[in-house]
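Accompanying notes for the structure given below.
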Protein chains: 4
Amino acid sequence: MSELFGGVLERGAVSEAVSDRAWLQAMLDFEAALARAAQPAPVADAIAGACRAERFDVEELGAAAAGTGNPAAPLVRALADAVGEPAGPYVHRGATSQDAIDTAAMLVAKRALEPLLGDLRGAADAAARLAAEHRDTPIAGRTLLQQAVPTTFGLKAAGWTVALDSSCERLEGVELAVQLGGAAGTLSAFDDGLAVVARVAAELALAEPVLPWHTDRTRIGALAGALAGTCGAIAKVARDLTLLAQTEVGEATDAASGRGGSSAMPHKRNPIPAVAAAACAAQAPGLQAVLSAAMAHEHERAAGAWHAEWAPLRELLVATGSAAAWLRDALENLRVDPARMRANLDLTGGLLLAERVAAALDLPNARQLVEEAAAGERPFAEALAARPEIAERLGDRLPELLDPATYLGSAPELVDRALARRRR
Amino acid sequence: MSELFGGVLERGAVSEAVSDRAWLQAMLDFEAALARAAQPAPVADAIAGACRAERFDVEELGAAAAGTGNPAAPLVRALADAVGEPAGPYVHRGATSQDAIDTAAMLVAKRALEPLLGDLRGAADAAARLAAEHRDTPIAGRTLLQQAVPTTFGLKAAGWTVALDSSCERLEGVELAVQLGGAAGTLSAFDDGLAVVARVAAELALAEPVLPWHTDRTRIGALAGALAGTCGAIAKVARDLTLLAQTEVGEATDAASGRGGSSAMPHKRNPIPAVAAAACAAQAPGLQAVLSAAMAHEHERAAGAWHAEWAPLRELLVATGSAAAWLRDALENLRVDPARMRANLDLTGGLLLAERVAAALDLPNARQLVEEAAAGERPFAEALAARPEIAERLGDRLPELLDPATYLGSAPELVDRALARRRR
Amino acid sequence: MSELFGGVLERGAVSEAVSDRAWLQAMLDFEAALARAAQPAPVADAIAGACRAERFDVEELGAAAAGTGNPAAPLVRALADAVGEPAGPYVHRGATSQDAIDTAAMLVAKRALEPLLGDLRGAADAAARLAAEHRDTPIAGRTLLQQAVPTTFGLKAAGWTVALDSSCERLEGVELAVQLGGAAGTLSAFDDGLAVVARVAAELALAEPVLPWHTDRTRIGALAGALAGTCGAIAKVARDLTLLAQTEVGEATDAASGRGGSSAMPHKRNPIPAVAAAACAAQAPGLQAVLSAAMAHEHERAAGAWHAEWAPLRELLVATGSAAAWLRDALENLRVDPARMRANLDLTGGLLLAERVAAALDLPNARQLVEEAAAGERPFAEALAARPEIAERLGDRLPELLDPATYLGSAPELVDRALARRRR
Amino acid sequence: MSELFGGVLERGAVSEAVSDRAWLQAMLDFEAALARAAQPAPVADAIAGACRAERFDVEELGAAAAGTGNPAAPLVRALADAVGEPAGPYVHRGATSQDAIDTAAMLVAKRALEPLLGDLRGAADAAARLAAEHRDTPIAGRTLLQQAVPTTFGLKAAGWTVALDSSCERLEGVELAVQLGGAAGTLSAFDDGLAVVARVAAELALAEPVLPWHTDRTRIGALAGALAGTCGAIAKVARDLTLLAQTEVGEATDAASGRGGSSAMPHKRNPIPAVAAAACAAQAPGLQAVLSAAMAHEHERAAGAWHAEWAPLRELLVATGSAAAWLRDALENLRVDPARMRANLDLTGGLLLAERVAAALDLPNARQLVEEAAAGERPFAEALAARPEIAERLGDRLPELLDPATYLGSAPELVDRALARRRR
């Protein structure tokens with residue numbers, strides 16, 4: 001959470017959705033819902049009425065948290081004071097600090113996922129548009145960064161689309177549930193604890209868990225996994241974009257005006273959105289590792305592992321949201337250069353079609369013949385034509401066989417298939 | 001993969017399911033399925049007939065892989081030789097090395113998940129039995145490793161059960177799909193590539209993906225996430241077990257005969273299974289981080305990130321499988337000591353019931369009164385009785401209020417609920 | 001960086017030392033030093049005079065950074081404007097954005113390490129005092145959380161001391177160097193680039209590197225490694241402290257008044273400082289992993305890996321500083337209970353001395369005899385005395401042999417040794 | 001540890017140096033040294049004589065380790081049996097399992113570092129040779145994968161050299177120390193424990209620690225940090241090499257004959273060594289994270305965190321060694337193409353020199369003028385010449401100003417400096 005670096009590392013609306021104020025409001029939402037679920041209406045109304053974040057001093061609560069180990073305890077005191085008599089003493093009744101913070105974490109995640117998914121779907125939509133538009137645009141397929149055989153830019157973009165779409169689905173599938181258990185998870189301070197849990201869940205539109213999950217962090221793990229997986233999908237696209245934008249490749253560049261300049265080189269045009277998306281996505285593996293390692297919560301509340309979740313969960317939401325926002329920007333502002341794609345395809349004089357020529361030869365030693373033609377000094381097409389065994393069998397089919405635009409395999413059909421799946 | 005440390009770190013059958021031989025067979029299963037899907041029957045039969053791992057020399061293939069960057073290329077050559085004429089040249093036709101290795105990874109994962117899930121379900125079953133048996137057994141609820149309020153050992157075990165069950169479900173939900181795309185993912189060497197993919201998927205009982213996923217690693221990410229989440233769930237139980245087994249706590253210990261001795265201390269009884277489960281589970285966060293960071297595959301095949309997956313995927317399967325096997329052992333051999341649980345509950349002379357007494361007082365300053373009683377030198381029960389405000393309101397209800405066995409909240413009902421869910 | 005959670009997760013002065021304002025000032029310090037090193041005095045004075053962070057709007061710079069990919073570029077523009085003619089155009093002359101930000105990172109790290117090392121040394125000093133004071137205080141040595149043989153609390157604290165001291169040394173050994181290379185690291189815009197680098201380094205009291213290190217991130221890696229190692233050392237002490245504070249162990253507890261209360265349990269006293277130290281330290285492995293993975297900087301400036309460092313470097317400094325501050329607090333306020341240590345030593349009726357008795361027996365089957373005595377129902381001392389082979393050899397030496405206070409091995413001498421090393 | 005993937009992922013001699021047999025021998029070396037340090041000569045000789053790994057069955061020891069939690073306990077039994085009477089009972093006397101395994105870990109690390117450092121120095125030497133040879137060879141400096149200003153390939157290689165050299169130095173600086181403490185670290189079973197420790201250290205040529213370090217894992221953390229830092233340095237070079245080898249860049253390629261072929265594309269030449277180096281190096285961040293997180297050892301022996309170190313320490317040594325061996329291969333077999341470097345420099349028609357032209361103009365609006373010339377359609381040189389303000393000031397100096405070979409800044413001097421430092 002930094003203003004100075006936030007322009008690069010905290011793009012989009014997730015940062016605000018996980019701000020101190022947002023967390024505070026989410027804790028207050030829990031307290032209001034708990035009051036409605038467990039207290040008579042007048043008490044509940046009095047409590048709920050006071051549950052507005054702007055009435056509380058975040059800095060003061062944070063400072064007081066040093067004495068209790070978490071900010072819920074001082075918030076409960078401040079809320080009770082704000083409510084006053086007679087309802088004040090019923091604030092938080094039956095709950096423990098972790099109930100307020102864990103439920104708030106779920107609410108914060110839920111609220112942060114809205115803009116995050118908005119940008120992620122926006123990125124997927126932009127990728128899908130590129131896939132449709134360039135369904136048949138030839139581009140060099142590259143393996144280990146070497147040109148291999150032709151593909152289409154549409155299929156490349158379709159691959160991005162599918163990965164981004166499946167990341168959306170995975171995120172949408174994470175169950176965000178209310179946490180309410182009281183001091184040690186037995187709901188001991190309620191007469192009808194299970195019913196109270198159900199009512200709080202309904203109030204907050206969160207799932208009702210089988211059990212209080214204060215020390216079962218599989219939910220946090222699943223959320224972290226889905227976020228890190230999303231960052232991985234984004235990182236792949238961002239990497240491709242920075243590679244395509246290379247001066248020596250130049251097949252797709254950032255077309256947004258007024259950005260990407262360098263402080264030292266007036267002529268440069270940096271692919272800022274892809275670079276920033278990559279940087280944000282790179283945060284995920286480590287943050288996820290902290291959250292995974294912190295799943296070993298001791299007994300009925302962890303002696304550190306719980307507190308260890310707060311920062312990385314927040315940062316992982318921000319990093320993923322920022323990566324999604326940057327990627328959307330990158331894809332929505334991508335200038336695609338089919339002519340450059342074609343020129344690059346021609347760089348090797350048809351070597352990309354070696355596989356095809358070998359298959360067309362249909363001789364036991366086809367690969368060897370083609371390899372020899374490829375290895376020599378002279379252009380591949382000439383070298384092929386100069387070998388009698390080849391010239392004889394393929395003759396004047398060679399020019400067509402060496403045309404990348406006619407060796408795209410199922411690329412167009414695969415694009416159709418990926419796009420059709422989206423429309424379901 | 002170590003014999004020396006394997007007794008501790010590679011328990012269960014996963015290690016064998018991800019062995020070199022298992023990987024080799026899985027690659028051969030891919031080649032056989034591809035032949036059946038794309039070649040005429042006589043060719044397919046000849047190829048499939050040769051696809052038996054024991055016919056190939058793993059060490060030789062591995063050494064040759066140094067020249068090609070992966071073991072599929074030398075395997076294809078060796079398989080073609082083994083098949084001989086006329087079918088040999090049709091081995092692997094239309095596929096690329098990554099198709100063979102990625103599909104093999106999915107097959108290996110599928111096969112490894114069988115014993116892994118077997119042990120994980122076994123652990124969950126054992127936890128469920130403990131939950132049922134100790135539904136009403138009081139134990140101190142402990143937060144931040146401090147005794148808090150009573151709960152039941154059954155509820156603790158029910159929490160373990162739910163986390164292990166949901167880990168099973170998450171693992172079962174990971175889609176394992178065939179990979180087939182050819183040199184750059186366009187299926188260019190097939191006439192009917194999409195149909196071939198469908199047939200290979202059917203042959204191998206793997207899912208058919210929307211697109212070739214050679215550089216869309218969301219599947220690997222999801223699998224890694226589910227495995228790491230499982231390790232987190234296991235780590236929590238293991239941590240609880242080592243804490244419960246402490247000399248000073250002694251509430252649950254390993255009852256398997258003949259293990260846990262120390263080389264220097266003849267009297268010691270170490271909770272080996274829980275310790276080993278914790279050690280195995282601790283591998284996951286880092287292995288998952290490597291896999292997450294390796295999702296940024298360049299273009300149509302990654303220049304390193306793909307190769308970077310092989311070891312951590314394998315090790316993560318082994319670590320999770322081993323952790324599950326150890327945890328099952330730990331839970332199946334757990335000796336629970338309800339008397340010790342009760343003795344520990346009594347250590348603080350009723351302080352665990354302070355919350356209850358405060359609630360029963362139902363006075364605005366209840367918490368303060370109770371805190372003062374708790375803070376003094378004399379036993380809590382005495383101190384409470386000595387305060388007129390308290391004695392007057394609670395009088396002879398105090399002994400009952402201070403009995404932990406009658407302050408278990410909804411613990412028993414929560415156990416029932418968790419167990420009922422399993423039976424669905 | 002959060003006010004709400006900062007009371008727990010950002011203790012000490014590091015957070016302020018890595019704040020947006022601190023970063024901004026560090027970038028300005030670079031610009032001032034560069035001007036002094038490369039421009040004539042009047043120009044340098046004009047530039048340096050404007051290099052005060054309070055004159056710039058952090059939020060505005062951060063927002064503008066979205067267009068350039070980093071906050072240095074907009075800062076340079078703003079600084080040039082602030083300087084005005086004629087010196088303004090000479091601001092940043094010869095440098096590139098990364099020069100400003102990398103050098104600022106080193107300055108920020110250097111300034112953050114001051115309070116961090118202050119607290120770390122404070123923690124080590126407190127541990128050393130405990131070691132001295134309890135040089136001879138018997139406590140159960142515990143392996144795998146089982147009581148093993150006696151040791152002294154002093155030796156335990158001496159172990160903490162040595163680990164904290166060596167963490168200090170490792171941090172002090174990290175070379176923090178100036179970065180100056182210009183657009184691609186060739187110092188091409190200077191006539192005497194190497195001399196300029198040396199002067200900037202001298203101005204800022206940073207090391208002068210052999211080469212510009214814009215894409216050699218070994219320094220960042222070494223710093224991250226030393227910080228994560230420090231967190232590991234802290235985590236060990238914190239874990240020990242939470243274990244010692246357990247209700248059932250009670251050998252060392254937090255003695256600071258007014259903290260550690262629970263919102264639900266008026267009687268509880270949570271070991272907040274140790275818990276918070278553990279939570280802060282738990283951030284390190286993941287942040288370090290992000291920094292390690294981000295070392296693969298492409299060519300002369302990374303397309304994402306550089307930007308990926310900013311957040312985790314900052315957070316790792318904060319986490320380590322906060323962990324150190326909490327640990328210092330924990331150790332300075334530790335209430336040690338030798339009587340409880342002794343009572344716990346007696347819990348097993350002398351079983352901790354089994355090794356000693358076996359050695360004293362000096363019989364080939366000594367271990368077996370002792371194991372049999374240890375395994376039975378009756379108290380160990382009785383069981384030993386009841387075996388004629390034992391009684392005969394050890395007779396009335398048994399009581400002394402079973403006294404833990406006389407079986408401390410070299411513990412006191414080891415304490416002396418550890419403390420003597422500090423005084424060097 | 002895999003034969004199938006080992007050709008790619010376990011290159012070099014480290015794999016053998018950390019094999020089960022190597023570990024076993026290292027444990028036996030500890031036992032022999034302990035006997036020599038603490039027992040009379042005839043006993044020591046009998047024990048030391050039996051300490052040969054080939055006499056023990058690794059698989060059997062590993063299986064037995066499941067009952068004791070580590071392989072040292074069964075090894076001690078087997079060794080005592082092998083020694084027989086009368087010396088057998090004195091095997092391991094005074095030590096605990098962790099002493100044997102921790103000391104073995106240090107010995108294994110020490111022995112593994114030999115080939116690892118050999119390959120790392122070999123890689124650094126190869127890089128240094130490239131730096132010397134190409135001290136003045138112009139190449140495009142690239143930032144964010146965009147061409148920026150010229151540099152020399154020699155300076156790029158010098159940057160690699162410095163990073164690899166400093167990684168060597170950091171690895172050499174890690175203190176590898178003997179561990180001996182007995183059951184709980186007090187050396188209680190020795191009369192003169194401190195002297196015994198010193199003698200064992202001398203026997204094994206390991207450092208003598210201040211205290212037994214069984215639960216102070218700062219050494220492990222420092223070793224892991226240095227290894228991961230080395231992998232980061234290697235990853236940078238490997239990334240550069242895969243980028244330079246791109247079909248569209250082609251400035252440096254793998255020249256080793258007979259490798260890098262593709263199973264589907266007869267013409268391809270993959271940069272296998274750099275790809276494999278990258279894949280190996282990518283393991284480090286996660287393995288390091290596991291080791292860092294495992295530093296929180298409880299009390300006098302960890303309940304899981306200790307056992308969690310064995311696999312990642314081993315794998316990190318292998319990954320780093322393999323990465324170093326591959327990188328050495330890559331650099332020793334690199335074919336550098338200065339003509340292609342020059343051709344790529346010319347791709348933008350002089351735009352790389354924009355900074356230089358702007359500086360030469362020495363006008364307040366120089367950057368703007370140059371930016372305008374760079375932004376237009378016509379070639380940069382022409383566009384510059386067409387602007388009267390520019391033509392007037394720079395006139396016929398323009399061709400020289402636009403020659404990249406004369407705008408290398410201090411690149412050659414920096415190369416000299418880096419190479420001179422090595423010779424010290």
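Chain labels run A, B, ... following the order of the structure tokens; each chain numbers its residues from 1, and ligands are numbered from 1 in the order shown.
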
Which chain B residues are at most 6 Å from chain A (counting only C-alpha atoms), as a CSV table (one decimal) with all heavy atoms, in the first residue's frame?
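New file iface.csv:
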```csv
chain,number,residue,atom,x,y,z
B,141,GLY,N,-10.1,-25.6,25.4
B,141,GLY,CA,-9.8,-24.9,24.1
B,141,GLY,C,-8.7,-24.0,24.4
B,141,GLY,O,-8.5,-23.4,25.4
B,142,ARG,N,-7.8,-24.0,23.4
B,142,ARG,CA,-6.5,-23.2,23.6
B,142,ARG,C,-6.4,-22.2,22.5
B,142,ARG,O,-6.4,-22.5,21.3
B,142,ARG,CB,-5.3,-24.1,23.6
B,142,ARG,CG,-5.3,-25.1,24.8
B,142,ARG,CD,-4.2,-26.1,24.7
B,142,ARG,NE,-4.2,-26.9,25.9
B,142,ARG,CZ,-4.6,-28.2,26.0
B,142,ARG,NH1,-5.2,-28.8,24.9
B,142,ARG,NH2,-4.5,-28.9,27.1
B,143,THR,N,-6.2,-20.9,22.8
B,143,THR,CA,-6.0,-19.9,21.8
B,143,THR,C,-4.7,-19.2,22.2
B,143,THR,O,-4.4,-18.9,23.3
B,143,THR,CB,-7.1,-18.9,21.8
B,143,THR,OG1,-7.2,-18.2,23.1
B,143,THR,CG2,-8.5,-19.5,21.5
B,144,LEU,N,-3.8,-19.0,21.1
B,144,LEU,CA,-2.5,-18.5,21.3
B,144,LEU,C,-1.7,-19.4,22.3
B,144,LEU,O,-0.9,-18.9,23.1
B,144,LEU,CB,-2.5,-17.1,21.7
B,144,LEU,CG,-2.9,-16.1,20.6
B,144,LEU,CD1,-4.3,-16.0,20.3
B,144,LEU,CD2,-2.4,-14.7,20.9
B,163,ALA,N,-11.7,-30.3,7.4
B,163,ALA,CA,-10.6,-29.8,6.6
B,163,ALA,C,-10.0,-30.8,5.7
B,163,ALA,O,-9.7,-30.6,4.5
B,163,ALA,CB,-9.5,-29.2,7.5
B,184,ALA,N,3.6,-26.6,-32.5
B,184,ALA,CA,3.4,-25.3,-31.9
B,184,ALA,C,1.9,-25.2,-31.5
B,184,ALA,O,1.4,-24.1,-31.3
B,184,ALA,CB,3.7,-24.2,-32.9
B,186,THR,N,-0.9,-26.3,-33.1
B,186,THR,CA,-1.9,-26.1,-34.1
B,186,THR,C,-2.4,-27.4,-34.6
B,186,THR,O,-3.3,-27.4,-35.5
B,186,THR,CB,-1.4,-25.3,-35.3
B,186,THR,OG1,-0.3,-26.0,-35.9
B,186,THR,CG2,-0.9,-23.9,-34.9
B,187,LEU,N,-1.9,-28.5,-34.2
B,187,LEU,CA,-2.3,-29.8,-34.7
B,187,LEU,C,-2.0,-29.9,-36.2
B,187,LEU,O,-2.7,-30.6,-36.9
B,187,LEU,CB,-3.7,-30.1,-34.4
B,187,LEU,CG,-4.1,-30.2,-32.9
B,187,LEU,CD1,-5.6,-29.9,-32.6
B,187,LEU,CD2,-3.6,-31.5,-32.3
B,188,SER,N,-1.0,-29.2,-36.6
B,188,SER,CA,-0.8,-29.0,-38.1
B,188,SER,C,-0.4,-30.3,-38.8
B,188,SER,O,-0.6,-30.4,-40.0
B,188,SER,CB,0.4,-28.0,-38.3
B,188,SER,OG,1.5,-28.4,-37.6
B,216,ASP,N,-0.6,-22.9,-21.3
B,216,ASP,CA,-1.6,-22.5,-20.4
B,216,ASP,C,-1.5,-23.4,-19.2
B,216,ASP,O,-2.0,-24.5,-19.2
B,216,ASP,CB,-3.0,-22.6,-21.0
B,216,ASP,CG,-4.1,-22.5,-19.9
B,216,ASP,OD1,-3.8,-22.2,-18.8
B,216,ASP,OD2,-5.2,-22.8,-20.3
B,221,GLY,N,-1.2,-25.2,-12.0
B,221,GLY,CA,-1.4,-24.3,-10.9
B,221,GLY,C,-2.5,-24.8,-10.0
B,221,GLY,O,-2.4,-24.7,-8.8
B,225,GLY,N,-2.1,-26.0,-6.2
B,225,GLY,CA,-2.8,-25.3,-5.2
B,225,GLY,C,-3.6,-26.3,-4.3
B,225,GLY,O,-3.6,-26.2,-3.1
B,229,GLY,N,-2.8,-26.9,-0.5
B,229,GLY,CA,-3.9,-26.7,0.5
B,229,GLY,C,-4.1,-28.0,1.3
B,229,GLY,O,-4.3,-27.9,2.6
B,232,GLY,N,-1.5,-28.0,3.9
B,232,GLY,CA,-1.8,-27.0,5.0
B,232,GLY,C,-2.8,-27.6,6.0
B,232,GLY,O,-2.6,-27.5,7.2
B,235,ALA,N,-0.9,-30.2,8.0
B,235,ALA,CA,0.1,-29.5,8.9
B,235,ALA,C,-0.6,-29.1,10.2
B,235,ALA,O,-0.1,-29.1,11.3
B,235,ALA,CB,0.7,-28.3,8.2
B,236,LYS,N,-1.9,-28.6,10.0
B,236,LYS,CA,-2.6,-28.1,11.2
B,236,LYS,C,-2.9,-29.3,12.2
B,236,LYS,O,-2.6,-29.2,13.4
B,236,LYS,CB,-4.0,-27.5,10.8
B,236,LYS,CG,-4.8,-26.9,11.9
B,236,LYS,CD,-5.7,-27.8,12.6
B,236,LYS,CE,-6.6,-27.1,13.6
B,236,LYS,NZ,-5.8,-26.7,14.8
B,240,ASP,N,-1.2,-29.8,16.0
B,240,ASP,CA,-2.0,-30.1,17.1
B,240,ASP,C,-1.6,-31.4,17.8
B,240,ASP,O,-1.5,-31.4,19.1
B,240,ASP,CB,-3.5,-30.3,16.7
B,240,ASP,CG,-4.2,-28.9,16.5
B,240,ASP,OD1,-3.6,-27.9,16.7
B,240,ASP,OD2,-5.4,-28.9,16.2
B,285,PRO,N,4.7,-25.3,0.6
B,285,PRO,CA,4.6,-23.9,0.2
B,285,PRO,C,5.7,-23.5,-0.8
B,285,PRO,O,5.4,-22.8,-1.8
B,285,PRO,CB,4.8,-23.2,1.5
B,285,PRO,CG,4.3,-24.1,2.5
B,285,PRO,CD,4.7,-25.5,2.0
B,289,ALA,N,5.3,-22.6,-4.8
B,289,ALA,CA,5.8,-21.3,-5.3
B,289,ALA,C,6.6,-21.5,-6.5
B,289,ALA,O,6.5,-20.6,-7.5
B,289,ALA,CB,6.7,-20.6,-4.2
B,292,SER,N,4.0,-22.0,-9.2
B,292,SER,CA,3.3,-20.8,-9.6
B,292,SER,C,4.2,-19.9,-10.4
B,292,SER,O,3.8,-19.3,-11.4
B,292,SER,CB,2.9,-20.1,-8.3
B,292,SER,OG,1.8,-20.8,-7.7
B,293,ALA,N,5.4,-19.7,-9.9
B,293,ALA,CA,6.3,-18.8,-10.6
B,293,ALA,C,6.7,-19.3,-12.0
B,293,ALA,O,7.0,-18.5,-12.9
B,293,ALA,CB,7.6,-18.6,-9.8
B,295,MET,N,4.6,-20.5,-14.1
B,295,MET,CA,3.5,-20.5,-15.0
B,295,MET,C,3.7,-19.6,-16.3
B,295,MET,O,2.9,-19.6,-17.2
B,295,MET,CB,2.2,-20.1,-14.3
B,295,MET,CG,1.7,-21.2,-13.4
B,295,MET,SD,0.2,-20.7,-12.4
B,295,MET,CE,-1.0,-20.7,-13.8
B,296,ALA,N,4.7,-18.7,-16.2
B,296,ALA,CA,4.9,-17.7,-17.3
B,296,ALA,C,5.6,-18.4,-18.4
B,296,ALA,O,6.8,-18.0,-18.7
B,296,ALA,CB,5.6,-16.5,-16.7
B,297,HIS,N,4.9,-19.2,-19.1
B,297,HIS,CA,5.6,-19.9,-20.3
B,297,HIS,C,5.6,-19.0,-21.5
B,297,HIS,O,4.6,-18.5,-21.9
B,297,HIS,CB,4.8,-21.2,-20.6
B,297,HIS,CG,5.0,-22.3,-19.7
B,297,HIS,ND1,5.0,-23.6,-20.0
B,297,HIS,CD2,5.3,-22.3,-18.3
B,297,HIS,CE1,5.3,-24.4,-19.0
B,297,HIS,NE2,5.5,-23.6,-18.0
B,298,GLU,N,6.8,-18.9,-22.1
B,298,GLU,CA,6.9,-18.1,-23.3
B,298,GLU,C,6.3,-18.7,-24.5
B,298,GLU,O,6.5,-19.9,-24.8
B,298,GLU,CB,8.4,-17.8,-23.6
B,298,GLU,CG,9.1,-17.0,-22.6
B,298,GLU,CD,9.8,-17.8,-21.5
B,298,GLU,OE1,9.7,-19.0,-21.5
B,298,GLU,OE2,10.6,-17.2,-20.7
B,299,HIS,N,5.5,-17.9,-25.2
B,299,HIS,CA,5.0,-18.2,-26.5
B,299,HIS,C,4.4,-19.7,-26.6
B,299,HIS,O,3.6,-20.0,-25.8
B,299,HIS,CB,6.1,-18.0,-27.6
B,299,HIS,CG,6.5,-16.6,-27.8
B,299,HIS,ND1,5.5,-15.6,-27.9
B,299,HIS,CD2,7.7,-16.0,-28.1
B,299,HIS,CE1,6.1,-14.4,-28.2
B,299,HIS,NE2,7.4,-14.7,-28.2
B,300,GLU,N,5.0,-20.5,-27.5
B,300,GLU,CA,4.4,-21.8,-27.7
B,300,GLU,C,5.2,-22.9,-27.0
B,300,GLU,O,4.8,-24.1,-27.0
B,300,GLU,CB,4.3,-22.1,-29.2
B,300,GLU,CG,3.1,-21.5,-29.8
B,300,GLU,CD,3.2,-19.9,-29.9
B,300,GLU,OE1,4.2,-19.4,-30.2
B,300,GLU,OE2,2.2,-19.3,-29.5
B,301,ARG,N,6.3,-22.6,-26.4
B,301,ARG,CA,6.9,-23.5,-25.4
B,301,ARG,C,7.9,-22.7,-24.6
B,301,ARG,O,8.7,-22.0,-25.2
B,301,ARG,CB,7.6,-24.7,-26.0
B,301,ARG,CG,8.1,-25.7,-24.9
B,301,ARG,CD,8.7,-27.0,-25.4
B,301,ARG,NE,7.9,-27.6,-26.4
B,301,ARG,CZ,8.4,-28.6,-27.2
B,301,ARG,NH1,9.6,-29.0,-27.1
B,301,ARG,NH2,7.6,-29.1,-28.2
B,302,ALA,N,7.9,-22.9,-23.3
B,302,ALA,CA,8.7,-22.1,-22.4
B,302,ALA,C,10.2,-22.4,-22.5
B,302,ALA,O,10.6,-23.6,-22.7
B,302,ALA,CB,8.3,-22.2,-21.0
B,303,ALA,N,11.0,-21.4,-22.4
B,303,ALA,CA,12.5,-21.6,-22.4
B,303,ALA,C,13.0,-21.8,-21.0
B,303,ALA,O,13.9,-21.1,-20.5
B,303,ALA,CB,13.2,-20.4,-23.0
B,409,GLY,N,-21.0,-25.5,25.1
B,409,GLY,CA,-21.7,-24.8,24.0
B,409,GLY,C,-22.3,-25.7,23.0
B,409,GLY,O,-22.9,-26.8,23.4
B,410,SER,N,-22.2,-25.5,21.8
B,410,SER,CA,-22.7,-26.3,20.7
B,410,SER,C,-21.8,-27.4,20.2
B,410,SER,O,-22.0,-28.0,19.2
B,410,SER,CB,-23.1,-25.4,19.5
B,410,SER,OG,-24.0,-24.4,19.9
B,411,ALA,N,-20.7,-27.6,21.0
B,411,ALA,CA,-19.7,-28.5,20.5
B,411,ALA,C,-20.3,-29.9,20.1
B,411,ALA,O,-20.0,-30.3,18.9
B,411,ALA,CB,-18.6,-28.7,21.6
```

9 Å contact set for Asp45 of chain B, only C-alpha atoms, chain neighbours under 4 positions out, as an MDAnalysis selection string = chainID B and resid 32 35:36 40:41 49:50

Residues of segment 97-196 of chain D classed as strand (DSSP E or B) by DSSP on the backbone are to be reported as a tab-separated table (two decimals) with C-alpha atoms, in the first residue's frame.
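Below is the file that was written, selection06.tsv:
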```tsv
chain	number	residue	atom	x	y	z
D	138	PRO	CA	28.99	-3.00	-30.03
D	139	ILE	CA	25.61	-4.47	-29.19
D	140	ALA	CA	22.28	-2.83	-28.53
D	141	GLY	CA	21.71	-2.14	-24.88
D	142	ARG	CA	18.15	-3.23	-24.19
D	143	THR	CA	15.91	-2.02	-21.43
D	146	GLN	CA	13.51	-2.38	-26.12
D	147	GLN	CA	16.72	-1.24	-27.74
D	148	ALA	CA	18.00	1.70	-25.72
D	149	VAL	CA	21.56	2.89	-26.36
D	150	PRO	CA	24.60	0.93	-27.50
D	151	THR	CA	26.81	-0.96	-25.11
D	152	THR	CA	29.38	-3.69	-25.75
D	177	ALA	CA	30.56	-26.15	11.35
```

Determine, counting only C-alpha atoms, which protein, DNA and RNA residues have an atom within 8 Å of an atom of segment 385-401 of chain D; residues of the same chain fewer than 5 positions away are not included. Present the result as a PDB file with C-alpha atoms, in the first residue's frame.
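And here's result_27.pdb as it stands now:
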```pdb
ATOM      1  CA  LEU D 353      21.723   7.476 -30.534  1.00  0.00           C
ATOM      2  CA  ARG D 356      23.638  11.391 -27.771  1.00  0.00           C
ATOM      3  CA  VAL D 357      22.242  13.716 -30.411  1.00  0.00           C
ATOM      4  CA  ALA D 360      25.273  17.215 -28.528  1.00  0.00           C
ATOM      5  CA  LEU D 361      22.603  19.732 -29.437  1.00  0.00           C
ATOM      6  CA  THR D 406      31.579   5.517 -31.173  1.00  0.00           C
ATOM      7  CA  TYR D 407      29.015   5.835 -28.397  1.00  0.00           C
TER       8      TYR D 407
END
```
